>>> print(open('target05.txt').read())   # compact mmCIF, C-alpha atoms and all ligand atoms
# COMPACT_ATOMS: atom_id res chain seq x y z
CA MET A 241 106.65 -87.48 136.15
CA ARG A 242 109.96 -87.04 137.95
CA ILE A 243 110.70 -90.32 139.68
CA GLY A 244 113.51 -91.36 142.04
CA ILE A 245 114.24 -95.09 142.21
CA SER A 246 116.30 -96.79 144.92
CA CYS A 247 117.14 -100.47 144.85
CA TYR A 248 119.94 -102.94 145.48
CA PRO A 249 122.07 -102.34 142.39
CA THR A 250 123.92 -105.65 142.31
CA TYR A 251 122.75 -109.09 141.25
CA GLY A 252 119.17 -109.79 142.44
CA GLY A 253 115.58 -109.84 141.30
CA SER A 254 114.49 -106.63 143.00
CA GLY A 255 117.32 -104.62 141.41
CA ALA A 256 116.54 -106.14 138.01
CA VAL A 257 112.85 -105.24 138.25
CA ALA A 258 113.56 -101.73 139.56
CA THR A 259 116.08 -101.00 136.81
CA GLU A 260 114.01 -102.37 133.96
CA LEU A 261 110.99 -100.47 135.23
CA GLY A 262 113.06 -97.26 135.37
CA ILE A 263 114.38 -97.74 131.85
CA ALA A 264 110.88 -98.43 130.51
CA LEU A 265 109.46 -95.38 132.31
CA ALA A 266 112.18 -93.19 130.80
CA GLY A 267 111.27 -94.66 127.42
CA ARG A 268 107.73 -93.35 128.01
CA GLY A 269 109.00 -89.83 128.67
CA HIS A 270 109.36 -89.76 132.47
CA LEU A 271 112.54 -88.47 134.12
CA VAL A 272 114.09 -91.26 136.15
CA HIS A 273 116.76 -90.80 138.83
CA PHE A 274 118.43 -93.93 140.22
CA ILE A 275 119.78 -93.29 143.72
CA THR A 276 121.98 -96.08 145.00
CA TYR A 277 125.58 -97.00 145.87
CA GLN A 278 126.52 -98.45 142.48
CA GLN A 279 125.27 -98.27 138.93
CA PRO A 280 122.46 -100.86 138.73
CA PHE A 281 123.69 -103.99 136.95
CA ARG A 282 121.01 -103.90 134.27
CA LEU A 283 121.51 -100.21 133.51
CA PRO A 284 123.54 -99.52 130.38
CA SER A 285 125.92 -96.56 130.49
CA PHE A 286 123.69 -93.88 128.92
CA LEU A 287 120.00 -93.57 128.22
CA PRO A 288 117.96 -90.44 127.56
CA ARG A 289 116.08 -89.17 130.66
CA VAL A 290 117.90 -91.59 132.97
CA PHE A 291 120.21 -90.27 135.69
CA PHE A 292 122.34 -92.06 138.24
CA HIS A 293 123.19 -90.55 141.63
CA GLU A 294 125.80 -92.50 143.51
CA VAL A 295 125.53 -92.73 147.29
CA ASP A 296 128.92 -92.26 148.89
CA VAL A 297 129.00 -93.86 152.31
CA GLY A 298 132.44 -92.50 153.12
CA ARG A 299 134.85 -94.20 155.46
CA TYR A 300 135.74 -93.41 159.04
CA PRO A 301 137.71 -95.73 161.36
CA LEU A 302 135.04 -95.43 164.06
CA PHE A 303 132.40 -96.87 161.74
CA GLU A 304 132.73 -100.61 161.81
CA TYR A 305 129.36 -100.59 160.05
CA PRO A 306 129.20 -97.45 157.83
CA PRO A 307 125.65 -96.01 158.01
CA TYR A 308 124.51 -96.52 154.40
CA ASP A 309 120.87 -95.87 155.33
CA LEU A 310 121.74 -92.32 156.43
CA ALA A 311 123.98 -91.58 153.44
CA LEU A 312 121.17 -92.81 151.20
CA ALA A 313 118.63 -90.58 152.99
CA VAL A 314 120.89 -87.56 152.51
CA ARG A 315 121.35 -88.31 148.80
CA MET A 316 117.59 -88.87 148.36
CA HIS A 317 116.88 -85.57 150.13
CA GLU A 318 119.33 -83.75 147.85
CA VAL A 319 118.00 -85.33 144.65
CA VAL A 320 114.36 -84.70 145.63
CA ARG A 321 115.14 -81.01 146.19
CA THR A 322 117.45 -80.44 143.23
CA HIS A 323 115.39 -82.32 140.67
CA LYS A 324 111.98 -81.59 142.19
CA LEU A 325 110.97 -85.24 142.28
CA ASP A 326 107.28 -86.09 142.47
CA LEU A 327 107.86 -89.56 143.78
CA LEU A 328 110.45 -91.81 145.41
CA HIS A 329 109.83 -95.41 144.39
CA VAL A 330 111.89 -97.69 146.59
CA HIS A 331 112.41 -101.40 145.98
CA TYR A 332 112.90 -103.79 148.92
CA ALA A 333 111.63 -102.31 152.17
CA ILE A 334 114.82 -102.04 154.16
CA PRO A 335 116.66 -99.82 154.28
CA HIS A 336 115.18 -98.04 151.25
CA ALA A 337 111.73 -97.22 152.65
CA THR A 338 113.29 -96.11 155.93
CA SER A 339 115.79 -93.82 154.17
CA ALA A 340 113.00 -92.38 152.01
CA TRP A 341 110.98 -91.56 155.13
CA ILE A 342 114.02 -89.83 156.72
CA ALA A 343 114.69 -87.90 153.48
CA ARG A 344 111.11 -86.66 153.43
CA GLU A 345 111.19 -85.67 157.11
CA MET A 346 114.29 -83.59 156.33
CA LEU A 347 112.52 -81.44 153.75
CA GLU A 348 111.73 -77.92 154.95
CA ASP A 349 108.07 -78.16 153.99
CA GLY A 350 107.70 -81.46 155.85
CA GLY A 351 107.87 -83.32 152.58
CA SER A 352 104.33 -82.52 151.53
CA GLY A 353 105.31 -82.48 147.86
CA VAL A 354 107.00 -85.84 147.44
CA ARG A 355 105.30 -89.21 147.69
CA ILE A 356 106.91 -92.49 148.76
CA ALA A 357 105.95 -95.74 147.06
CA THR A 358 107.49 -98.98 148.28
CA THR A 359 107.60 -102.23 146.35
CA LEU A 360 107.93 -105.32 148.51
CA HIS A 361 109.94 -108.00 146.76
CA GLY A 362 110.19 -111.03 149.00
CA THR A 363 112.81 -111.64 151.63
CA ASP A 364 112.34 -108.07 152.89
CA ILE A 365 109.02 -109.43 154.21
CA THR A 366 109.46 -113.19 154.53
CA LEU A 367 112.96 -113.37 156.02
CA VAL A 368 114.92 -110.21 156.82
CA GLY A 369 111.89 -108.16 157.84
CA GLN A 370 110.84 -110.83 160.33
CA ASP A 371 114.22 -110.92 162.04
CA PRO A 372 113.69 -109.37 165.51
CA SER A 373 116.41 -106.82 164.70
CA PHE A 374 114.42 -105.47 161.77
CA HIS A 375 110.74 -106.28 162.37
CA ALA A 376 109.73 -102.99 164.03
CA ILE A 377 111.57 -100.77 161.54
CA THR A 378 110.20 -102.74 158.57
CA LYS A 379 106.64 -102.35 159.90
CA PHE A 380 107.21 -98.65 160.59
CA SER A 381 108.68 -97.99 157.13
CA ILE A 382 105.92 -99.88 155.35
CA GLU A 383 103.22 -98.04 157.30
CA ARG A 384 104.84 -94.66 156.59
CA SER A 385 104.97 -95.27 152.83
CA ASP A 386 102.21 -93.51 150.90
CA ALA A 387 101.56 -96.58 148.80
CA LEU A 388 102.72 -100.17 148.57
CA THR A 389 102.97 -102.81 145.92
CA ALA A 390 103.87 -106.48 146.31
CA VAL A 391 105.09 -108.72 143.52
CA SER A 392 102.56 -111.51 144.20
CA GLU A 393 99.30 -112.26 146.00
CA TYR A 394 101.32 -114.56 148.24
CA LEU A 395 103.61 -111.71 149.29
CA LYS A 396 100.65 -109.42 149.92
CA ARG A 397 99.14 -112.03 152.28
CA GLU A 398 102.51 -112.53 154.01
CA THR A 399 102.83 -108.78 154.54
CA PHE A 400 99.53 -108.61 156.42
CA ASN A 401 100.30 -111.83 158.33
CA ALA A 402 103.72 -110.65 159.44
CA PHE A 403 103.13 -106.96 160.02
CA GLY A 404 99.41 -106.37 160.40
CA CYS A 405 99.97 -103.06 158.64
CA SER A 406 97.09 -100.96 159.88
CA GLY A 407 95.78 -98.72 157.15
CA CYS A 408 97.96 -100.25 154.42
CA ALA A 409 96.62 -101.01 150.98
CA VAL A 410 98.92 -103.30 149.06
CA GLU A 411 98.49 -103.52 145.31
CA VAL A 412 99.85 -106.58 143.50
CA ILE A 413 101.96 -105.77 140.44
CA HIS A 414 103.83 -108.80 139.19
CA ASN A 415 107.37 -108.99 137.81
CA PHE A 416 107.52 -108.73 134.02
CA ILE A 417 109.60 -109.57 130.96
CA ASP A 418 110.50 -107.77 127.78
CA PRO A 419 109.26 -110.28 125.17
CA ASP A 420 111.82 -109.14 122.63
CA VAL A 421 114.74 -109.89 124.95
CA TYR A 422 113.48 -113.20 126.36
CA ASP A 423 112.99 -114.93 123.04
CA ARG A 424 114.95 -118.12 122.44
CA ARG A 425 114.75 -117.75 118.65
CA LYS A 426 116.92 -114.62 118.81
CA TYR A 427 120.06 -116.32 120.09
CA THR A 428 121.99 -118.45 117.66
CA THR A 429 125.08 -119.02 119.82
CA THR A 430 124.14 -120.61 123.13
CA ILE A 431 125.59 -122.69 125.94
CA ARG A 432 124.39 -125.70 123.95
CA ASP A 433 127.37 -125.20 121.62
CA GLN A 434 129.64 -126.14 124.54
CA VAL A 435 127.68 -129.27 125.37
CA GLN A 436 128.06 -132.67 123.76
CA ALA A 437 125.31 -133.19 121.18
CA GLY A 438 122.20 -134.94 122.47
CA ARG A 439 122.62 -133.90 126.09
CA LYS A 440 119.76 -132.14 127.87
CA VAL A 441 120.63 -128.79 129.44
CA LEU A 442 119.20 -128.14 132.91
CA MET A 443 119.76 -124.69 134.37
CA HIS A 444 119.53 -122.87 137.68
CA ILE A 445 120.08 -119.13 138.21
CA SER A 446 120.16 -117.52 141.65
CA ASN A 447 122.20 -115.85 144.33
CA PHE A 448 122.86 -119.25 145.96
CA ARG A 449 121.37 -118.27 149.31
CA PRO A 450 120.07 -121.06 151.61
CA VAL A 451 116.43 -120.21 150.73
CA LYS A 452 117.16 -121.33 147.12
CA ARG A 453 117.93 -124.94 148.17
CA VAL A 454 120.74 -125.36 145.64
CA ARG A 455 121.54 -128.81 147.04
CA ASP A 456 118.11 -129.89 145.85
CA VAL A 457 118.99 -128.53 142.41
CA VAL A 458 122.05 -130.79 142.25
CA ARG A 459 120.14 -133.77 143.63
CA ILE A 460 117.36 -133.39 141.07
CA PHE A 461 119.98 -133.17 138.36
CA ALA A 462 121.74 -136.31 139.61
CA HIS A 463 118.46 -138.25 139.20
CA VAL A 464 117.95 -136.87 135.69
CA ALA A 465 121.58 -137.61 134.74
CA ARG A 466 121.00 -141.26 135.63
CA ALA A 467 118.02 -141.38 133.27
CA MET A 468 119.46 -139.51 130.26
CA PRO A 469 122.62 -137.74 129.03
CA SER A 470 122.46 -134.25 130.47
CA VAL A 471 124.38 -131.33 131.94
CA LEU A 472 123.60 -128.88 134.73
CA VAL A 473 124.44 -125.21 134.25
CA MET A 474 124.58 -123.22 137.50
CA VAL A 475 124.56 -119.44 137.07
CA GLY A 476 125.20 -117.05 139.95
CA ASP A 477 127.16 -117.03 143.14
CA GLY A 478 126.57 -116.80 146.84
CA PRO A 479 127.00 -118.50 150.20
CA ASP A 480 125.82 -121.96 149.10
CA ARG A 481 127.93 -122.28 145.95
CA VAL A 482 130.52 -124.44 147.72
CA THR A 483 127.73 -126.59 149.18
CA ALA A 484 126.39 -127.16 145.68
CA GLU A 485 129.86 -127.97 144.32
CA LYS A 486 130.41 -130.49 147.12
CA GLU A 487 127.01 -132.07 146.53
CA ALA A 488 127.83 -132.48 142.84
CA GLU A 489 131.10 -134.14 143.77
CA ALA A 490 129.45 -136.41 146.34
CA LEU A 491 126.82 -137.51 143.82
CA GLY A 492 129.42 -138.09 141.11
CA VAL A 493 128.05 -135.49 138.71
CA SER A 494 130.67 -132.73 138.99
CA ASP A 495 132.02 -133.42 135.49
CA GLN A 496 128.50 -132.82 134.14
CA THR A 497 128.00 -129.62 136.14
CA MET A 498 129.20 -126.16 135.09
CA PHE A 499 129.38 -123.31 137.57
CA LEU A 500 129.46 -120.15 135.47
CA GLY A 501 129.43 -117.58 138.28
CA ARG A 502 127.55 -114.28 138.09
CA LEU A 503 126.47 -113.23 134.62
CA ASP A 504 124.28 -110.27 133.75
CA ALA A 505 122.98 -111.28 130.32
CA ILE A 506 120.62 -114.11 131.22
CA ALA A 507 118.46 -114.39 128.10
CA PRO A 508 121.19 -115.84 125.80
CA LEU A 509 121.89 -118.48 128.45
CA LEU A 510 118.26 -119.42 128.95
CA ALA A 511 117.88 -119.71 125.19
CA GLY A 512 120.09 -122.80 125.33
CA ALA A 513 118.28 -124.53 128.21
CA ASP A 514 115.80 -127.41 128.16
CA LEU A 515 114.61 -127.13 131.75
CA PHE A 516 114.89 -124.59 134.57
CA LEU A 517 115.10 -125.74 138.19
CA LEU A 518 113.86 -123.54 141.06
CA PRO A 519 113.11 -125.60 144.18
CA THR A 520 113.23 -122.50 146.46
CA GLU A 521 111.61 -122.74 149.85
CA ARG A 522 109.79 -119.41 149.71
CA GLU A 523 110.05 -117.66 146.37
CA SER A 524 107.84 -114.60 146.52
CA PHE A 525 107.47 -114.58 142.75
CA GLY A 526 110.46 -116.06 140.91
CA LEU A 527 111.68 -113.60 138.30
CA SER A 528 114.27 -116.07 137.02
CA ALA A 529 111.49 -118.65 136.50
CA LEU A 530 109.47 -116.11 134.53
CA GLU A 531 112.49 -115.24 132.38
CA ALA A 532 112.99 -118.95 131.72
CA LEU A 533 109.33 -119.45 130.76
CA ALA A 534 109.49 -116.47 128.41
CA CYS A 535 112.45 -118.16 126.70
CA GLY A 536 110.36 -121.29 126.26
CA VAL A 537 112.05 -123.21 129.08
CA PRO A 538 109.63 -125.24 131.24
CA VAL A 539 110.19 -124.79 134.98
CA ILE A 540 110.41 -127.45 137.68
CA GLY A 541 109.92 -125.87 141.09
CA ALA A 542 108.45 -125.93 144.56
CA ARG A 543 104.73 -125.47 145.16
CA ALA A 544 105.43 -122.68 147.61
CA GLY A 545 105.35 -118.93 147.92
CA GLY A 546 104.32 -117.11 144.77
CA LEU A 547 105.73 -119.63 142.29
CA PRO A 548 102.28 -121.22 141.66
CA GLU A 549 101.17 -117.76 140.42
CA VAL A 550 103.91 -117.92 137.79
CA VAL A 551 104.24 -121.57 136.75
CA ARG A 552 101.14 -123.46 135.62
CA ASP A 553 101.59 -126.97 136.95
CA GLY A 554 101.35 -129.48 134.13
CA VAL A 555 101.09 -126.75 131.49
CA THR A 556 104.24 -124.62 131.61
CA GLY A 557 106.22 -126.78 134.04
CA ALA A 558 105.75 -128.87 137.15
CA LEU A 559 105.45 -127.99 140.84
CA ARG A 560 105.99 -130.35 143.76
CA GLU A 561 106.20 -129.86 147.54
CA VAL A 562 109.31 -128.17 148.95
CA GLY A 563 112.08 -130.77 149.32
CA ASP A 564 110.34 -133.39 147.16
CA VAL A 565 113.47 -134.10 145.15
CA GLU A 566 112.14 -137.41 143.85
CA GLY A 567 108.89 -135.85 142.66
CA MET A 568 110.69 -133.00 140.92
CA SER A 569 113.18 -135.40 139.34
CA ALA A 570 110.39 -137.66 138.06
CA ALA A 571 108.60 -134.64 136.57
CA ALA A 572 111.82 -133.48 134.92
CA VAL A 573 112.50 -136.89 133.38
CA ASP A 574 108.90 -137.14 132.23
CA ILE A 575 109.06 -133.80 130.38
CA LEU A 576 112.53 -134.33 128.92
CA SER A 577 111.83 -137.86 127.68
CA SER A 578 108.98 -136.79 125.44
CA PRO A 579 109.91 -134.29 122.69
CA GLU A 580 106.21 -133.69 122.02
CA LYS A 581 105.46 -132.94 125.66
CA TRP A 582 108.53 -130.67 125.93
CA GLN A 583 107.57 -128.77 122.77
CA ALA A 584 103.99 -128.22 123.95
CA MET A 585 105.20 -126.99 127.36
CA SER A 586 107.86 -124.79 125.84
CA GLU A 587 105.34 -123.10 123.55
CA ALA A 588 102.78 -122.75 126.36
CA ALA A 589 105.47 -121.26 128.64
CA ALA A 590 106.57 -118.61 126.13
CA ALA A 591 102.97 -117.70 125.31
CA ASP A 592 101.78 -117.58 128.94
CA ALA A 593 104.70 -115.39 130.03
CA ARG A 594 103.89 -112.94 127.25
CA THR A 595 100.16 -112.91 127.96
CA ARG A 596 100.23 -112.54 131.73
CA PHE A 597 103.52 -110.79 132.48
CA SER A 598 104.35 -108.45 129.63
CA GLN A 599 106.51 -105.45 130.40
CA LYS A 600 104.14 -103.18 128.52
CA ASP A 601 101.15 -104.06 130.74
CA MET A 602 103.03 -104.00 134.04
CA VAL A 603 104.71 -100.65 133.32
CA THR A 604 101.28 -99.20 132.52
CA ARG A 605 100.04 -100.57 135.83
CA TYR A 606 102.92 -98.84 137.63
CA GLU A 607 102.12 -95.59 135.81
CA ASP A 608 98.46 -95.84 136.86
CA PHE A 609 99.57 -96.63 140.40
CA TYR A 610 101.83 -93.53 140.45
CA THR A 611 98.99 -91.37 139.14
CA ARG A 612 96.78 -92.53 142.00
CA VAL A 613 99.57 -92.02 144.56
CA LEU A 614 100.14 -88.47 143.34
CA ALA A 615 96.46 -87.56 143.07
O1 LIG A 701 115.89 -114.03 144.55
C1 LIG A 701 116.46 -113.35 145.41
O2 LIG A 701 116.85 -113.84 146.45
C2 LIG A 701 116.66 -111.89 145.19
C3 LIG A 701 115.47 -111.16 145.67
C4 LIG A 701 115.72 -109.68 145.67
O3 LIG A 701 115.11 -109.05 146.50
O4 LIG A 701 116.49 -109.15 144.91
O5 LIG A 701 114.38 -111.54 144.82
C5 LIG A 701 113.10 -111.34 145.28
O6 LIG A 701 112.56 -110.38 144.39
C6 LIG A 701 112.33 -110.81 143.05
C7 LIG A 701 111.82 -109.63 142.24
O7 LIG A 701 110.61 -109.15 142.69
C8 LIG A 701 111.34 -111.98 143.07
O8 LIG A 701 111.07 -112.40 141.76
C9 LIG A 701 111.98 -113.12 143.87
O9 LIG A 701 111.05 -114.18 143.94
C10 LIG A 701 112.31 -112.64 145.28
N1 LIG A 701 113.07 -113.70 145.97
C11 LIG A 701 112.56 -114.40 147.00
O10 LIG A 701 111.44 -114.23 147.44
C12 LIG A 701 113.45 -115.43 147.59
>>> encode(input="target05.txt", output="structure tokens")
Amino acid sequence: MRIGISCYPTYGGSGAVATELGIALAGRGHLVHFITYQQPFRLPSFLPRVFFHEVDVGRYPLFEYPPYDLALAVRMHEVVRTHKLDLLHVHYAIPHATSAWIAREMLEDGGSGVRIATTLHGTDITLVGQDPSFHAITKFSIERSDALTAVSEYLKRETFNAFGCSGCAVEVIHNFIDPDVYDRRKYTTTIRDQVQAGRKVLMHISNFRPVKRVRDVVRIFAHVARAMPSVLVMVGDGPDRVTAEKEAEALGVSDQTMFLGRLDAIAPLLAGADLFLLPTERESFGLSALEALACGVPVIGARAGGLPEVVRDGVTGALREVGDVEGMSAAAVDILSSPEKWQAMSEAAAADARTRFSQKDMVTRYEDFYTRVLA
């Protein structure tokens, strides 16, 4: 198949999934064209059958807000025509599904030959898409897609609750991991080498947006730090980074907290962690949690959104209500204080991630989905 993929190319779960899917599809012989404003962060410089088409938004003094959506539509239109794409697979509804619809409308034959598949990732439905400025266009773009996938059952339900979506069929295809990459045994040099011996390593990875509740991360850590020698490793950046830094200072744990900033290679970091914290308010799936589990790191998180579909409470981690810092802290201390319990959870986490969320299975599901969309 000839497949166009559009996604947010910078740090973020949807871009990671889109890029890894594209790379895997190319590995299976498909021709994959990434169409976006920057080379996706998980895309290495050259791979056979993978192409990158940069969207140039241009600059004009009149444009306080340069119309990326239109520039993207024009680039999609050009790539569909030049490379005779069968399918545009867009990740994150807005603006990608809207631009894809425009691109198809622009085709001389009315776009009969190209199909549009949209994968809903989370905040495109639960947050941004429900903003009054975007609700109508999100609903329109979803309904005009030929086929839809959502990354969890939770997100599928939310899509129908928020948009009604007459005539939509949403297929759930979960996020996935490459078991060879997310394997803690592979990494001999880890963050642990920088940490005083005997300290537990707690980790959080995100884009530090308010929905992630990074203050809760620091608060949970402060409880754990009182119970045992430990450090908190914060990976990523975003609007709430300063809030988290201030919270660490206020709770007297800043000298035990490392803010590493944005890093692309996550697996070697996770390989040195004892526990992953993800108390997000509404995580549609939680790719970072899955990557942690695959590396044998139990996850402490919120019983909300799609996270219960990923983390098995009491088996591969622990889930408590959103904002229940005390409950999450107690669960963290409980797991970390028993080497036997930690080992059992770590092994269960790595095994469960491989069984239920393997890249091989999910990519096959996407291929089957494409075949049905094109039929
Ligand atoms: O985590 C983020 O805020 C980034 C966001 C994105 O769209 O890039 O992630 C969403 O998509 C990921 C991949 O499907 C999911 O694993 C994340 O759970 C989801 N984030 C939220 O729902 C907050």
>>> residues_near_ligand(input="target05.txt", ligand="ligand LIG 701 (chain A)", cutoff="8 Å", atoms="all atoms listed in the file", output="NGL selection string")
:A and (248 or 251-257 or 332 or 360-364 or 366 or 391 or 414-415 or 446-447 or 449 or 451-452 or 520-528 or 545-547)
>>> closest_residue(input="target05.txt", among="A:Ala593, A:Ile431, A:Leu614, A:Val272", to="Ala357 in chain A", atoms="all atoms listed in the file")
A:Leu614
>>> closest_residue(input="target05.txt", among="A:Val421, A:Val482, A:Leu347, A:Val412", to="Arg605 in chain A", atoms="only C-alpha atoms")
A:Val412
>>> atom_distance(input="target05.txt", atom1="CA of Gly501 in chain A", atom2="CA of Val573 in chain A")
26.1 Å
>>> residues_near_point(input="target05.txt", point="(114.9, -80.0, 144.0)", cutoff="12 Å", atoms="all atoms listed in the file", output="JSON, numbers by chain")
{"A": [242, 243, 244, 315, 316, 317, 318, 319, 320, 321, 322, 323, 324, 325, 326, 327, 347, 348, 351, 353, 354]}
>>> write_last_selection(input="target05.txt", atoms="C-alpha atoms", output="PDB file, in the frame of the given file")
ATOM      1  CA  ARG A 242     109.960 -87.040 137.950  1.00  0.00           C
ATOM      2  CA  ILE A 243     110.700 -90.320 139.680  1.00  0.00           C
ATOM      3  CA  GLY A 244     113.510 -91.360 142.040  1.00  0.00           C
ATOM      4  CA  ARG A 315     121.350 -88.310 148.800  1.00  0.00           C
ATOM      5  CA  MET A 316     117.590 -88.870 148.360  1.00  0.00           C
ATOM      6  CA  HIS A 317     116.880 -85.570 150.130  1.00  0.00           C
ATOM      7  CA  GLU A 318     119.330 -83.750 147.850  1.00  0.00           C
ATOM      8  CA  VAL A 319     118.000 -85.330 144.650  1.00  0.00           C
ATOM      9  CA  VAL A 320     114.360 -84.700 145.630  1.00  0.00           C
ATOM     10  CA  ARG A 321     115.140 -81.010 146.190  1.00  0.00           C
ATOM     11  CA  THR A 322     117.450 -80.440 143.230  1.00  0.00           C
ATOM     12  CA  HIS A 323     115.390 -82.320 140.670  1.00  0.00           C
ATOM     13  CA  LYS A 324     111.980 -81.590 142.190  1.00  0.00           C
ATOM     14  CA  LEU A 325     110.970 -85.240 142.280  1.00  0.00           C
ATOM     15  CA  ASP A 326     107.280 -86.090 142.470  1.00  0.00           C
ATOM     16  CA  LEU A 327     107.860 -89.560 143.780  1.00  0.00           C
ATOM     17  CA  LEU A 347     112.520 -81.440 153.750  1.00  0.00           C
ATOM     18  CA  GLU A 348     111.730 -77.920 154.950  1.00  0.00           C
ATOM     19  CA  GLY A 351     107.870 -83.320 152.580  1.00  0.00           C
ATOM     20  CA  GLY A 353     105.310 -82.480 147.860  1.00  0.00           C
ATOM     21  CA  VAL A 354     107.000 -85.840 147.440  1.00  0.00           C
TER      22      VAL A 354
END
>>> closest_residue(input="target05.txt", among="A:Glu531, A:Asp514, A:Asp309, A:Asp553", to="Gly438 in chain A", atoms="all atoms listed in the file")
A:Asp514
>>> atom_distance(input="target05.txt", atom1="CA of Ala571 in chain A", atom2="CA of Ala558 in chain A")
6.5 Å
>>> atom_distance(input="target05.txt", atom1="CA of Ser406 in chain A", atom2="CA of Ile377 in chain A")
14.6 Å
>>> residues_around(input="target05.txt", residues="Thr556 in chain A", least_positions_apart="4", cutoff="6 Å", atoms="all atoms listed in the file", output="list in words")
Pro538, Val551, Arg552, Met585, Ala588 and Ala589 of chain A
>>> write_last_selection(input="target05.txt", atoms="C-alpha atoms", output="CSV table (one decimal), keeping the file's coordinate frame")
chain,number,residue,atom,x,y,z
A,538,PRO,CA,109.6,-125.2,131.2
A,551,VAL,CA,104.2,-121.6,136.8
A,552,ARG,CA,101.1,-123.5,135.6
A,585,MET,CA,105.2,-127.0,127.4
A,588,ALA,CA,102.8,-122.8,126.4
A,589,ALA,CA,105.5,-121.3,128.6
>>> residues_around(input="target05.txt", residues="Ala376 in chain A", least_positions_apart="3", cutoff="12 Å", atoms="only C-alpha atoms", output="PyMOL selection string")
chain A and resi 334+338+365+368-373+379-383+402-405
>>> residues_around(input="target05.txt", residues="Arg425 in chain A", least_positions_apart="6", cutoff="10 Å", atoms="all atoms listed in the file", output="PyMOL selection string")
chain A and resi 508+511-512+535-536
>>> closest_residue(input="target05.txt", among="A:Thr250, A:Thr359, A:Ser578, A:Gln496", to="Ala409 in chain A", atoms="only C-alpha atoms")
A:Thr359
>>> closest_residue(input="target05.txt", among="A:Gly478, A:Ala266, A:His463, A:Asp423", to="Leu491 in chain A", atoms="only C-alpha atoms")
A:His463
>>> closest_residue(input="target05.txt", among="A:Thr389, A:Ser598, A:Thr429, A:Thr497", to="Met443 in chain A", atoms="all atoms listed in the file")
A:Thr497
>>> build_atoms(input="target05.txt", residues="range 261-265 of chain A", atoms="all heavy atoms", output="PDB file, keeping the file's coordinate frame")
ATOM      1  N   LEU A 261     112.143-101.368 135.123  1.00  0.00           N
ATOM      2  CA  LEU A 261     110.990-100.470 135.230  1.00  0.00           C
ATOM      3  C   LEU A 261     111.441 -99.037 134.948  1.00  0.00           C
ATOM      4  O   LEU A 261     110.802 -98.316 134.163  1.00  0.00           O
ATOM      5  CB  LEU A 261     110.387-100.584 136.636  1.00  0.00           C
ATOM      6  CG  LEU A 261     109.293 -99.571 136.977  1.00  0.00           C
ATOM      7  CD1 LEU A 261     108.086 -99.729 136.045  1.00  0.00           C
ATOM      8  CD2 LEU A 261     108.849 -99.719 138.441  1.00  0.00           C
ATOM      9  N   GLY A 262     112.548 -98.618 135.563  1.00  0.00           N
ATOM     10  CA  GLY A 262     113.060 -97.260 135.370  1.00  0.00           C
ATOM     11  C   GLY A 262     113.373 -96.977 133.907  1.00  0.00           C
ATOM     12  O   GLY A 262     113.002 -95.921 133.365  1.00  0.00           O
ATOM     13  N   ILE A 263     114.014 -97.926 133.261  1.00  0.00           N
ATOM     14  CA  ILE A 263     114.380 -97.740 131.850  1.00  0.00           C
ATOM     15  C   ILE A 263     113.107 -97.611 130.998  1.00  0.00           C
ATOM     16  O   ILE A 263     112.994 -96.739 130.132  1.00  0.00           O
ATOM     17  CB  ILE A 263     115.254 -98.921 131.360  1.00  0.00           C
ATOM     18  CG1 ILE A 263     116.612 -98.898 132.087  1.00  0.00           C
ATOM     19  CG2 ILE A 263     115.440 -98.884 129.854  1.00  0.00           C
ATOM     20  CD1 ILE A 263     117.474-100.122 131.844  1.00  0.00           C
ATOM     21  N   ALA A 264     112.127 -98.471 131.290  1.00  0.00           N
ATOM     22  CA  ALA A 264     110.880 -98.430 130.510  1.00  0.00           C
ATOM     23  C   ALA A 264     110.128 -97.120 130.760  1.00  0.00           C
ATOM     24  O   ALA A 264     109.558 -96.538 129.824  1.00  0.00           O
ATOM     25  CB  ALA A 264     109.999 -99.627 130.877  1.00  0.00           C
ATOM     26  N   LEU A 265     110.144 -96.644 132.002  1.00  0.00           N
ATOM     27  CA  LEU A 265     109.460 -95.380 132.310  1.00  0.00           C
ATOM     28  C   LEU A 265     110.127 -94.220 131.577  1.00  0.00           C
ATOM     29  O   LEU A 265     109.449 -93.332 131.038  1.00  0.00           O
ATOM     30  CB  LEU A 265     109.496 -95.111 133.824  1.00  0.00           C
ATOM     31  CG  LEU A 265     108.599 -96.017 134.688  1.00  0.00           C
ATOM     32  CD1 LEU A 265     108.977 -95.901 136.162  1.00  0.00           C
ATOM     33  CD2 LEU A 265     107.119 -95.661 134.494  1.00  0.00           C
TER      34      LEU A 265
END
